[in-house]
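Everything on this sheet refers to the single structure shown next.
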Amino acid sequence: MTQALTQSATATPLLSNFIGGRFVAPTGPTFENRNPINGELVNLVAEADAAAVDQAVAAARQALKGPWGKTSEQERAALLRKVADGIMRRFDEFLAAEVRDTGKPASLASHIDIPRGAANFNVFADQILTLSTETFRMATPDGKGALNYAIRVPRGVIAVVCPWNLPLLLMTWKVAPALACGNTVVVKPSEETPTTATLLGEVMNEAGIPPGVYNVVHGFGPGSAGEFLTRHPGVDGITFTGETATGTAIMKTAADHVRPVSFELGGKNAAVVFADCDFDKAIEGTMRSVFANCGQVCLGTERVYVERPIFDAFVERLASAASQLKFGDPFDKATTIGPLISQEHRRKVLSYYDKAKSEGARIVLGGGVPELDGAFSGGSFVQPTIWTGLPESSAVIREEIFGPCCHIAPFDSEDEAIALANDSPYGLATAIWTENLTRAHRVAAQIDVGITWVNSWFLRDLRTPFGGSKQSGIGREGGVHSMEFYTELRNVCIKL
Ligand code: NAD
Ligand code: 6OD
């Protein structure tokens, strides 16, 4: 990284806020960014105080009034494609930064996080060029009629508040459509993963995005940059991905000045495996849905329901496959699972491992901390874990853990499987495994979630509606649905 990092007083590199097209000299406190692989200090990060957030919102407002506000859809689409190209040109830098911040295997980040970061810009560049609105002709008493047509205008300054599990992917999933629609943004990346959002500032400048269109402020939630930003009266809309409890807090804040929100929140997702599934495919897919990214995917499976005739075989095969997951250097191709994001998150996940044990679960696999040699002894690793035998009322089955673990329970009928899958305050995603497509359609329509995969998981067409039901979110993003949030419709009525 070149401009985003400077030398701090202690000689540890310092990551700056990006405001008005510049990396600004820090004025306030700093916080540490540590590598979850080994606990080593990666760099310090400049925490944005209320004044810095003010500056970022003012820069975003100024840019709306400047040349950005007058760009055509075609011009914005061309600029977004340059941003996508810029990410791909600096692929290795983004990869190294994402791996350092998250500890995830480079094989995963190079396959999902970084290419999706670029793809988000290309997809919404396409989308903005095909966006249409409605028109209505109406009769009037004088017989001459009137014509109504709708136009879309940008919402304004958008606050983008992001989590740490897929930092670049989830941030650009919101920034790209916001910019495509002509908004300006102030991004608050997670305090755990501040780097790729900052690096993107350099790419924005290289691509010719005007100063102030894309801003980044670093810090925490309450009493820090997250709260300063979402509370700011200069923000016209808030898009947030993170925990349901945080969404609740932000929604209360958004009520002041009546700001709209788009929320992608937590999940406690079920997989439903019927006896007529392709067994190998179901095992392979469930391995990914439970353990990918060390279980830190909002769409991930933490509850697996398996039809009784194949229950024992499924448990045994999944445990056998999961026991082969390999910890290690994230850049080693043999490494298939990384650490959790932080020691704090490890304490949370391990508290559920303890709870499962004390509630009498059968621990089929794992349940603790792996023994790793010196290089990784300071890392926040936990064992991949599989349980059976808990009652559905257990906190382990009801609450989102966000770790590499699942509980597997048997079912005896389709209706029972649907009821079990739906028995959750969350409603984000589900995966159904069956070779009977009539059953797949029937079951998919009855599961209360935003996204159902049949015989796959996390297979994404970015034009489709993405979001959660119940406490898993508000609104849908993706394709035209993103455009609905990032623009406001105005009707023009012309008397003929
Ligand atoms: P989090 O809610 O703790 O933090 C997310 C962001 O919100 C961070 O940037 C944080 O600093 C900020 N924040 C925290 N409190 C705030 C406040 N009061 N005001 C303003 N900002 C505040 O979430 P996390 O731990 O970073 O991410 C994991 C969670 O995200 C899980 O629950 C996961 O399911 C969810 N998630 C959901 C989706 C989805 O698409 N539905 C995608 C990814 C992650
Ligand atoms: O693929 C996406 O667009 C998306 N928002 C994925 C979310 C994953 C959650 O961890």
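Residue names in the structure tokens use chain letters A, B, ... in the order shown, residue numbers from 1 in each chain, and ligand numbers from 1 in the order shown.
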Check your understanding: What's the 8 Å shell around stretch 192-200 of chain A, counting only C-alpha atoms, without same-chain residues fewer than 3 positions away, as a PyMOL selection string?
Key -> chain A and resi 1+4+15-18+33-34+45+87+94+97-98+101-102+164+167-168+171+187+189+203-204+216+218+341-342
Selection near A:Glu302, 7 Å with only C-alpha atoms, sequence-local residues under 6 positions removed, as a PDB file with N, CA, C and O atoms, in the first residue's frame:
```
ATOM      1  N   LYS A 268     -29.641 -17.843  11.199  1.00  0.00           N
ATOM      2  CA  LYS A 268     -29.410 -19.132  11.879  1.00  0.00           C
ATOM      3  C   LYS A 268     -29.955 -20.160  10.891  1.00  0.00           C
ATOM      4  O   LYS A 268     -31.048 -20.731  11.064  1.00  0.00           O
ATOM      5  N   ASN A 269     -29.178 -20.325   9.817  1.00  0.00           N
ATOM      6  CA  ASN A 269     -29.732 -20.961   8.629  1.00  0.00           C
ATOM      7  C   ASN A 269     -29.769 -22.477   8.727  1.00  0.00           C
ATOM      8  O   ASN A 269     -28.865 -23.097   9.285  1.00  0.00           O
ATOM      9  N   ALA A 270     -30.835 -23.036   8.134  1.00  0.00           N
ATOM     10  CA  ALA A 270     -31.000 -24.491   8.125  1.00  0.00           C
ATOM     11  C   ALA A 270     -30.590 -25.059   6.782  1.00  0.00           C
ATOM     12  O   ALA A 270     -30.752 -24.410   5.742  1.00  0.00           O
ATOM     13  N   VAL A 290     -21.199 -25.024   6.021  1.00  0.00           N
ATOM     14  CA  VAL A 290     -20.921 -24.980   7.467  1.00  0.00           C
ATOM     15  C   VAL A 290     -19.530 -24.396   7.738  1.00  0.00           C
ATOM     16  O   VAL A 290     -19.370 -23.587   8.663  1.00  0.00           O
ATOM     17  N   CYS A 405     -19.258 -24.606  12.913  1.00  0.00           N
ATOM     18  CA  CYS A 405     -19.955 -25.614  13.718  1.00  0.00           C
ATOM     19  C   CYS A 405     -21.406 -25.768  13.257  1.00  0.00           C
ATOM     20  O   CYS A 405     -21.984 -24.834  12.688  1.00  0.00           O
ATOM     21  N   CYS A 406     -21.952 -26.940  13.502  1.00  0.00           N
ATOM     22  CA  CYS A 406     -23.369 -27.151  13.224  1.00  0.00           C
ATOM     23  C   CYS A 406     -23.913 -28.240  14.142  1.00  0.00           C
ATOM     24  O   CYS A 406     -23.164 -29.076  14.662  1.00  0.00           O
ATOM     25  N   HIS A 407     -25.229 -28.186  14.322  1.00  0.00           N
ATOM     26  CA  HIS A 407     -25.940 -29.259  15.008  1.00  0.00           C
ATOM     27  C   HIS A 407     -26.734 -30.024  13.961  1.00  0.00           C
ATOM     28  O   HIS A 407     -27.349 -29.414  13.071  1.00  0.00           O
TER      29      HIS A 407
END
```
Point to revise | Contact residues around A:Gly468 with only C-alpha atoms at 8 Å, ignoring same-chain residues under 4 positions, as a ChimeraX atom specification | key: /A:264-265,426-429,449-451,472-476
Practice item. Find the residues around A:Leu462 up to 10 Å (only C-alpha atoms counted), leave out those fewer than 6 positions away in its own chain, and share them as a ChimeraX atom specification. Key: /A:116,119-120,123-124,173,477-480
I need the residues from that last selection saved to file as a PDB file, in the first residue's frame (with N, CA and C atoms), if you can.
```
ATOM      1  N   ARG A 116     -15.183 -10.853  -6.504  1.00  0.00           N
ATOM      2  CA  ARG A 116     -16.544 -10.325  -6.296  1.00  0.00           C
ATOM      3  C   ARG A 116     -16.495  -8.823  -6.034  1.00  0.00           C
ATOM      4  N   ALA A 119     -16.381  -7.553  -9.445  1.00  0.00           N
ATOM      5  CA  ALA A 119     -17.620  -7.877 -10.177  1.00  0.00           C
ATOM      6  C   ALA A 119     -18.773  -6.973  -9.740  1.00  0.00           C
ATOM      7  N   ASN A 120     -18.810  -6.611  -8.462  1.00  0.00           N
ATOM      8  CA  ASN A 120     -19.907  -5.749  -7.995  1.00  0.00           C
ATOM      9  C   ASN A 120     -19.952  -4.446  -8.796  1.00  0.00           C
ATOM     10  N   VAL A 123     -21.253  -5.275 -12.444  1.00  0.00           N
ATOM     11  CA  VAL A 123     -22.680  -5.628 -12.494  1.00  0.00           C
ATOM     12  C   VAL A 123     -23.562  -4.384 -12.366  1.00  0.00           C
ATOM     13  N   PHE A 124     -23.185  -3.487 -11.454  1.00  0.00           N
ATOM     14  CA  PHE A 124     -24.053  -2.314 -11.281  1.00  0.00           C
ATOM     15  C   PHE A 124     -23.794  -1.258 -12.359  1.00  0.00           C
ATOM     16  N   TRP A 173     -20.555  -4.320  -2.499  1.00  0.00           N
ATOM     17  CA  TRP A 173     -21.936  -4.731  -2.829  1.00  0.00           C
ATOM     18  C   TRP A 173     -22.904  -3.576  -2.595  1.00  0.00           C
ATOM     19  N   GLU A 477     -31.413  -6.147  -1.720  1.00  0.00           N
ATOM     20  CA  GLU A 477     -30.454  -5.529  -2.633  1.00  0.00           C
ATOM     21  C   GLU A 477     -30.142  -6.546  -3.725  1.00  0.00           C
ATOM     22  N   GLY A 478     -29.421  -6.101  -4.750  1.00  0.00           N
ATOM     23  CA  GLY A 478     -29.159  -6.974  -5.905  1.00  0.00           C
ATOM     24  C   GLY A 478     -29.969  -6.475  -7.086  1.00  0.00           C
ATOM     25  N   GLY A 479     -29.312  -6.386  -8.263  1.00  0.00           N
ATOM     26  CA  GLY A 479     -30.009  -5.989  -9.480  1.00  0.00           C
ATOM     27  C   GLY A 479     -30.816  -4.723  -9.295  1.00  0.00           C
ATOM     28  N   VAL A 480     -32.019  -4.758  -9.808  1.00  0.00           N
ATOM     29  CA  VAL A 480     -32.897  -3.583  -9.763  1.00  0.00           C
ATOM     30  C   VAL A 480     -33.305  -3.237  -8.322  1.00  0.00           C
TER      31      VAL A 480
END
```
Contacts to ligand 2 at 7 Å cut-off (only C-alpha atoms and all ligand atoms) as a PDB file with all heavy atoms, in the first residue's frame:
```pdb
ATOM      1  N   ASN A 165     -16.603 -10.040   7.920  1.00  0.00           N
ATOM      2  CA  ASN A 165     -16.425 -11.418   7.440  1.00  0.00           C
ATOM      3  C   ASN A 165     -16.051 -11.513   5.959  1.00  0.00           C
ATOM      4  O   ASN A 165     -15.263 -12.374   5.578  1.00  0.00           O
ATOM      5  CB  ASN A 165     -17.651 -12.283   7.777  1.00  0.00           C
ATOM      6  CG  ASN A 165     -18.917 -11.765   7.165  1.00  0.00           C
ATOM      7  OD1 ASN A 165     -19.102 -10.557   7.015  1.00  0.00           O
ATOM      8  ND2 ASN A 165     -19.804 -12.656   6.788  1.00  0.00           N
ATOM      9  N   LEU A 166     -16.622 -10.636   5.127  1.00  0.00           N
ATOM     10  CA  LEU A 166     -16.247 -10.571   3.705  1.00  0.00           C
ATOM     11  C   LEU A 166     -16.072  -9.086   3.396  1.00  0.00           C
ATOM     12  O   LEU A 166     -16.911  -8.465   2.743  1.00  0.00           O
ATOM     13  CB  LEU A 166     -17.358 -11.174   2.835  1.00  0.00           C
ATOM     14  CG  LEU A 166     -17.737 -12.647   3.111  1.00  0.00           C
ATOM     15  CD1 LEU A 166     -19.092 -12.992   2.524  1.00  0.00           C
ATOM     16  CD2 LEU A 166     -16.687 -13.585   2.548  1.00  0.00           C
ATOM     17  N   LEU A 170     -18.611  -7.305   0.732  1.00  0.00           N
ATOM     18  CA  LEU A 170     -19.861  -6.746   1.266  1.00  0.00           C
ATOM     19  C   LEU A 170     -19.885  -5.232   1.191  1.00  0.00           C
ATOM     20  O   LEU A 170     -20.970  -4.638   1.055  1.00  0.00           O
ATOM     21  CB  LEU A 170     -20.066  -7.231   2.709  1.00  0.00           C
ATOM     22  CG  LEU A 170     -20.366  -8.723   2.814  1.00  0.00           C
ATOM     23  CD1 LEU A 170     -20.369  -9.180   4.271  1.00  0.00           C
ATOM     24  CD2 LEU A 170     -21.699  -9.064   2.159  1.00  0.00           C
ATOM     25  N   TRP A 173     -20.555  -4.320  -2.499  1.00  0.00           N
ATOM     26  CA  TRP A 173     -21.936  -4.731  -2.829  1.00  0.00           C
ATOM     27  C   TRP A 173     -22.904  -3.576  -2.595  1.00  0.00           C
ATOM     28  O   TRP A 173     -23.977  -3.499  -3.186  1.00  0.00           O
ATOM     29  CB  TRP A 173     -22.282  -5.945  -1.959  1.00  0.00           C
ATOM     30  CG  TRP A 173     -23.684  -6.453  -1.993  1.00  0.00           C
ATOM     31  CD1 TRP A 173     -24.557  -6.493  -0.931  1.00  0.00           C
ATOM     32  CD2 TRP A 173     -24.383  -7.030  -3.100  1.00  0.00           C
ATOM     33  NE1 TRP A 173     -25.747  -7.053  -1.313  1.00  0.00           N
ATOM     34  CE2 TRP A 173     -25.658  -7.391  -2.649  1.00  0.00           C
ATOM     35  CE3 TRP A 173     -24.039  -7.262  -4.430  1.00  0.00           C
ATOM     36  CZ2 TRP A 173     -26.615  -7.981  -3.472  1.00  0.00           C
ATOM     37  CZ3 TRP A 173     -24.986  -7.850  -5.254  1.00  0.00           C
ATOM     38  CH2 TRP A 173     -26.252  -8.205  -4.777  1.00  0.00           C
ATOM     39  N   GLN A 296     -17.883 -18.183   9.185  1.00  0.00           N
ATOM     40  CA  GLN A 296     -18.245 -16.773   9.366  1.00  0.00           C
ATOM     41  C   GLN A 296     -18.866 -16.218   8.079  1.00  0.00           C
ATOM     42  O   GLN A 296     -18.356 -15.281   7.467  1.00  0.00           O
ATOM     43  CB  GLN A 296     -17.006 -15.981   9.774  1.00  0.00           C
ATOM     44  CG  GLN A 296     -16.368 -16.523  11.059  1.00  0.00           C
ATOM     45  CD  GLN A 296     -14.962 -15.990  11.284  1.00  0.00           C
ATOM     46  OE1 GLN A 296     -14.737 -15.294  12.252  1.00  0.00           O
ATOM     47  NE2 GLN A 296     -14.041 -16.289  10.408  1.00  0.00           N
ATOM     48  N   VAL A 297     -19.947 -16.826   7.657  1.00  0.00           N
ATOM     49  CA  VAL A 297     -20.714 -16.355   6.501  1.00  0.00           C
ATOM     50  C   VAL A 297     -22.160 -16.262   6.975  1.00  0.00           C
ATOM     51  O   VAL A 297     -22.692 -17.223   7.539  1.00  0.00           O
ATOM     52  CB  VAL A 297     -20.607 -17.324   5.300  1.00  0.00           C
ATOM     53  CG1 VAL A 297     -21.363 -16.785   4.105  1.00  0.00           C
ATOM     54  CG2 VAL A 297     -19.159 -17.582   4.930  1.00  0.00           C
ATOM     55  N   CYS A 298     -22.779 -15.117   6.730  1.00  0.00           N
ATOM     56  CA  CYS A 298     -24.144 -14.934   7.243  1.00  0.00           C
ATOM     57  C   CYS A 298     -25.093 -15.984   6.676  1.00  0.00           C
ATOM     58  O   CYS A 298     -26.080 -16.342   7.302  1.00  0.00           O
ATOM     59  CB  CYS A 298     -24.642 -13.545   6.905  1.00  0.00           C
ATOM     60  SG  CYS A 298     -24.706 -13.268   5.136  1.00  0.00           S
ATOM     61  N   LEU A 299     -24.774 -16.478   5.463  1.00  0.00           N
ATOM     62  CA  LEU A 299     -25.642 -17.443   4.787  1.00  0.00           C
ATOM     63  C   LEU A 299     -25.332 -18.873   5.217  1.00  0.00           C
ATOM     64  O   LEU A 299     -25.978 -19.820   4.776  1.00  0.00           O
ATOM     65  CB  LEU A 299     -25.423 -17.338   3.271  1.00  0.00           C
ATOM     66  CG  LEU A 299     -25.525 -15.931   2.688  1.00  0.00           C
ATOM     67  CD1 LEU A 299     -24.801 -15.840   1.358  1.00  0.00           C
ATOM     68  CD2 LEU A 299     -26.979 -15.542   2.532  1.00  0.00           C
ATOM     69  N   ARG A 460     -24.344 -17.316  -6.643  1.00  0.00           N
ATOM     70  CA  ARG A 460     -24.919 -15.985  -6.689  1.00  0.00           C
ATOM     71  C   ARG A 460     -25.061 -15.452  -8.113  1.00  0.00           C
ATOM     72  O   ARG A 460     -24.074 -15.373  -8.846  1.00  0.00           O
ATOM     73  CB  ARG A 460     -24.045 -15.022  -5.859  1.00  0.00           C
ATOM     74  CG  ARG A 460     -24.010 -15.353  -4.392  1.00  0.00           C
ATOM     75  CD  ARG A 460     -25.243 -14.844  -3.650  1.00  0.00           C
ATOM     76  NE  ARG A 460     -25.222 -13.400  -3.567  1.00  0.00           N
ATOM     77  CZ  ARG A 460     -26.092 -12.595  -4.171  1.00  0.00           C
ATOM     78  NH1 ARG A 460     -27.068 -13.087  -4.902  1.00  0.00           N
ATOM     79  NH2 ARG A 460     -25.995 -11.283  -4.038  1.00  0.00           N
ATOM     80  N   LEU A 462     -25.985 -11.904  -9.419  1.00  0.00           N
ATOM     81  CA  LEU A 462     -26.056 -10.618  -8.717  1.00  0.00           C
ATOM     82  C   LEU A 462     -27.245  -9.764  -9.148  1.00  0.00           C
ATOM     83  O   LEU A 462     -27.467  -8.684  -8.608  1.00  0.00           O
ATOM     84  CB  LEU A 462     -24.739  -9.855  -8.879  1.00  0.00           C
ATOM     85  CG  LEU A 462     -23.492 -10.650  -8.447  1.00  0.00           C
ATOM     86  CD1 LEU A 462     -22.243  -9.784  -8.537  1.00  0.00           C
ATOM     87  CD2 LEU A 462     -23.637 -11.221  -7.045  1.00  0.00           C
ATOM     88  N   PHE A 466     -31.600 -10.081  -2.952  1.00  0.00           N
ATOM     89  CA  PHE A 466     -30.816 -10.658  -1.865  1.00  0.00           C
ATOM     90  C   PHE A 466     -31.206  -9.948  -0.581  1.00  0.00           C
ATOM     91  O   PHE A 466     -31.190  -8.721  -0.498  1.00  0.00           O
ATOM     92  CB  PHE A 466     -29.318 -10.444  -2.137  1.00  0.00           C
ATOM     93  CG  PHE A 466     -28.436 -11.045  -1.074  1.00  0.00           C
ATOM     94  CD1 PHE A 466     -27.883 -12.300  -1.247  1.00  0.00           C
ATOM     95  CD2 PHE A 466     -28.195 -10.366   0.121  1.00  0.00           C
ATOM     96  CE1 PHE A 466     -27.091 -12.875  -0.255  1.00  0.00           C
ATOM     97  CE2 PHE A 466     -27.406 -10.926   1.104  1.00  0.00           C
ATOM     98  CZ  PHE A 466     -26.858 -12.185   0.918  1.00  0.00           C
TER      99      PHE A 466
END
```
Exercise for review: Give me the residues within 8 Å of stretch 423-425 of chain A as a ChimeraX atom specification, counting only C-alpha atoms and dropping any in the same chain fewer than 6 places off.
Suggested key: /A:268,398,470-471
Let me have all residues with an atom within 6 Å of ligand 1, counting only C-alpha atoms and all ligand atoms, laid out as a compact mmCIF listing (two decimals) with all heavy atoms, in the first residue's frame.
```txt
# COMPACT_ATOMS: atom_id res chain seq x y z
N VAL A 161 -22.26 0.96 6.39
CA VAL A 161 -21.63 0.42 7.60
C VAL A 161 -21.46 -1.09 7.41
O VAL A 161 -22.43 -1.80 7.13
CB VAL A 161 -22.47 0.74 8.86
CG1 VAL A 161 -21.78 0.23 10.12
CG2 VAL A 161 -22.72 2.24 8.96
N CYS A 162 -20.23 -1.56 7.56
CA CYS A 162 -19.88 -2.91 7.07
C CYS A 162 -19.33 -3.82 8.17
O CYS A 162 -18.71 -3.36 9.12
CB CYS A 162 -18.81 -2.81 6.00
SG CYS A 162 -19.20 -1.64 4.73
N PRO A 163 -19.48 -5.15 7.97
CA PRO A 163 -18.91 -6.13 8.90
C PRO A 163 -17.53 -6.61 8.45
O PRO A 163 -17.00 -6.12 7.46
CB PRO A 163 -19.92 -7.28 8.80
CG PRO A 163 -20.32 -7.26 7.37
CD PRO A 163 -20.25 -5.82 6.90
N TRP A 164 -17.00 -7.60 9.16
CA TRP A 164 -15.62 -8.03 8.92
C TRP A 164 -15.50 -9.35 8.18
O TRP A 164 -14.38 -9.77 7.86
CB TRP A 164 -14.88 -8.17 10.27
CG TRP A 164 -15.68 -8.85 11.35
CD1 TRP A 164 -16.33 -8.23 12.39
CD2 TRP A 164 -15.95 -10.25 11.51
NE1 TRP A 164 -16.98 -9.16 13.17
CE2 TRP A 164 -16.76 -10.41 12.66
CE3 TRP A 164 -15.58 -11.39 10.79
CZ2 TRP A 164 -17.22 -11.64 13.10
CZ3 TRP A 164 -16.04 -12.63 11.22
CH2 TRP A 164 -16.85 -12.74 12.37
N LYS A 188 -18.04 3.11 6.65
CA LYS A 188 -17.42 2.81 7.95
C LYS A 188 -17.14 1.31 7.92
O LYS A 188 -18.01 0.50 8.20
CB LYS A 188 -18.38 3.18 9.09
CG LYS A 188 -17.67 3.61 10.36
CD LYS A 188 -16.80 2.55 10.98
CE LYS A 188 -17.58 1.59 11.83
NZ LYS A 188 -16.78 0.42 12.25
N PRO A 189 -15.88 0.93 7.56
CA PRO A 189 -15.57 -0.50 7.57
C PRO A 189 -15.54 -1.02 9.00
O PRO A 189 -15.45 -0.23 9.94
CB PRO A 189 -14.16 -0.57 6.96
CG PRO A 189 -13.67 0.82 6.81
CD PRO A 189 -14.71 1.77 7.29
N SER A 190 -15.54 -2.34 9.14
CA SER A 190 -15.40 -2.89 10.48
C SER A 190 -14.03 -2.52 11.04
O SER A 190 -13.03 -2.50 10.32
CB SER A 190 -15.54 -4.41 10.44
OG SER A 190 -15.14 -4.95 11.68
N GLU A 191 -14.00 -2.29 12.34
CA GLU A 191 -12.74 -1.99 13.02
C GLU A 191 -11.76 -3.17 12.92
O GLU A 191 -10.56 -3.01 13.07
CB GLU A 191 -13.00 -1.65 14.50
CG GLU A 191 -13.81 -2.66 15.30
CD GLU A 191 -15.34 -2.47 15.18
OE1 GLU A 191 -15.81 -2.05 14.10
OE2 GLU A 191 -16.04 -2.75 16.18
N PHE A 220 -15.10 2.43 15.70
CA PHE A 220 -15.97 1.40 16.27
C PHE A 220 -17.44 1.81 16.07
O PHE A 220 -17.73 2.71 15.30
CB PHE A 220 -15.63 1.22 17.75
CG PHE A 220 -14.17 0.92 17.97
CD1 PHE A 220 -13.23 1.93 18.06
CD2 PHE A 220 -13.74 -0.40 18.04
CE1 PHE A 220 -11.88 1.64 18.23
CE2 PHE A 220 -12.39 -0.70 18.21
CZ PHE A 220 -11.46 0.33 18.30
N GLY A 221 -18.33 1.14 16.82
CA GLY A 221 -19.75 1.44 16.71
C GLY A 221 -20.18 2.54 17.67
O GLY A 221 -19.97 3.74 17.40
N PRO A 222 -20.74 2.14 18.83
CA PRO A 222 -21.27 3.13 19.77
C PRO A 222 -20.17 4.09 20.26
O PRO A 222 -19.06 3.66 20.55
CB PRO A 222 -21.78 2.28 20.96
CG PRO A 222 -21.89 0.89 20.44
CD PRO A 222 -20.92 0.76 19.29
N GLY A 226 -18.98 4.75 13.86
CA GLY A 226 -20.23 4.14 13.41
C GLY A 226 -21.43 4.95 13.87
O GLY A 226 -22.35 5.26 13.08
N GLU A 227 -21.43 5.30 15.15
CA GLU A 227 -22.56 6.06 15.67
C GLU A 227 -22.54 7.51 15.15
O GLU A 227 -23.58 8.05 14.77
CB GLU A 227 -22.55 6.06 17.20
CG GLU A 227 -23.80 6.71 17.77
CD GLU A 227 -23.77 6.86 19.28
OE1 GLU A 227 -23.08 6.07 19.96
OE2 GLU A 227 -24.45 7.78 19.77
N THR A 230 -23.96 7.31 11.53
CA THR A 230 -25.39 6.98 11.34
C THR A 230 -26.29 8.03 12.00
O THR A 230 -27.44 8.20 11.61
CB THR A 230 -25.69 5.58 11.90
OG1 THR A 230 -25.16 5.47 13.22
CG2 THR A 230 -25.08 4.50 11.03
N THR A 241 -24.72 -3.86 6.99
CA THR A 241 -24.65 -5.32 7.10
C THR A 241 -23.98 -5.63 8.43
O THR A 241 -22.91 -5.09 8.73
CB THR A 241 -23.82 -5.92 5.96
OG1 THR A 241 -24.40 -5.52 4.72
CG2 THR A 241 -23.82 -7.44 6.03
N GLY A 242 -24.61 -6.49 9.20
CA GLY A 242 -24.02 -6.85 10.49
C GLY A 242 -25.04 -7.55 11.36
O GLY A 242 -26.03 -8.11 10.86
N GLU A 243 -24.78 -7.52 12.65
CA GLU A 243 -25.63 -8.25 13.59
C GLU A 243 -27.01 -7.61 13.72
O GLU A 243 -27.15 -6.38 13.62
CB GLU A 243 -24.98 -8.25 14.97
CG GLU A 243 -23.82 -9.19 15.08
CD GLU A 243 -23.27 -9.25 16.48
OE1 GLU A 243 -23.98 -8.85 17.42
OE2 GLU A 243 -22.12 -9.68 16.63
N THR A 246 -27.16 -4.85 16.30
CA THR A 246 -26.62 -3.56 15.82
C THR A 246 -27.63 -2.89 14.89
O THR A 246 -27.83 -1.67 14.94
CB THR A 246 -25.29 -3.79 15.06
OG1 THR A 246 -24.44 -4.60 15.87
CG2 THR A 246 -24.60 -2.48 14.76
N ALA A 249 -30.12 -1.04 16.87
CA ALA A 249 -29.61 0.24 17.39
C ALA A 249 -29.57 1.28 16.28
O ALA A 249 -29.98 2.43 16.47
CB ALA A 249 -28.21 0.04 17.98
N ILE A 250 -29.12 0.87 15.09
CA ILE A 250 -29.01 1.84 13.99
C ILE A 250 -30.39 2.30 13.53
O ILE A 250 -30.60 3.47 13.20
CB ILE A 250 -28.20 1.22 12.81
CG1 ILE A 250 -26.73 1.05 13.24
CG2 ILE A 250 -28.30 2.08 11.56
CD1 ILE A 250 -25.83 0.42 12.19
N GLU A 264 -28.90 -5.91 6.01
CA GLU A 264 -28.62 -7.34 5.84
C GLU A 264 -28.06 -7.81 7.18
O GLU A 264 -26.96 -7.42 7.57
CB GLU A 264 -27.62 -7.55 4.69
CG GLU A 264 -28.22 -7.11 3.36
CD GLU A 264 -27.28 -7.26 2.16
OE1 GLU A 264 -26.14 -7.69 2.36
OE2 GLU A 264 -27.71 -6.93 1.06
N LEU A 265 -28.83 -8.65 7.88
CA LEU A 265 -28.52 -8.93 9.30
C LEU A 265 -28.18 -10.41 9.51
O LEU A 265 -27.85 -11.13 8.58
CB LEU A 265 -29.71 -8.49 10.16
CG LEU A 265 -30.16 -7.02 9.95
CD1 LEU A 265 -31.37 -6.69 10.81
CD2 LEU A 265 -29.01 -6.05 10.25
N GLY A 266 -28.29 -10.84 10.74
CA GLY A 266 -27.83 -12.18 11.11
C GLY A 266 -28.73 -13.30 10.60
O GLY A 266 -29.80 -13.07 10.04
N GLY A 267 -28.26 -14.52 10.80
CA GLY A 267 -29.03 -15.69 10.37
C GLY A 267 -28.78 -16.87 11.29
O GLY A 267 -27.84 -16.86 12.09
N CYS A 298 -22.78 -15.12 6.73
CA CYS A 298 -24.14 -14.93 7.24
C CYS A 298 -25.09 -15.98 6.68
O CYS A 298 -26.08 -16.34 7.30
CB CYS A 298 -24.64 -13.55 6.91
SG CYS A 298 -24.71 -13.27 5.14
```
Review point. In terms of the shortest atom-to-atom distance over only C-alpha atoms, which of A:Ile310, A:Ala56, A:Ile432, A:Leu95 is closest to A:Ala445?
Key: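 Among the listed residues, A:Ile432 lies closest to A:Ala445.
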Check your understanding: Counting only C-alpha atoms, which of A:Phe411, A:Trp453, A:Tyr149, A:Phe381 gets nearest to A:Gly338?
Key ->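 Smallest distance to A:Gly338 is found for A:Phe381.
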Review point. Which residue out of A:Arg231, A:Arg303, A:Arg490, A:His481 has the minimum interatomic distance to A:Ala421 when only C-alpha atoms are used?
Key: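 For A:Ala421, the nearest of the candidates is A:Arg303.
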Point to revise | Test item, alpha helix (DSSP H) assignment across stretch 183-348 of chain A, answer as a count of residues only | key: 66
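For A:Arg81, the set of protein, DNA and RNA residues having any atom at most 12 Å away, when counting only C-alpha atoms and skipping those fewer than 4 positions along the same chain, is Gln74, Glu75, Arg76, Ala77, Asp85, Gly86, Ile87, Met88, Gly117, Ala118, Ala119, Asn120, Phe121, Asn122, Val123, Phe124, Ala125, Asp126, Ala176, Leu179, Ala180, Val203, Met204, Ala207, Gly208 and Ile209 of chain A.
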**Study point:** Polymer residues at most 7 Å from stretch 382-386 of chain A, only C-alpha atoms, same-chain spacing of 5 or more positions, as an MDAnalysis selection string
**Key:** chainID A and resid 319 322 339 363:370 404:407
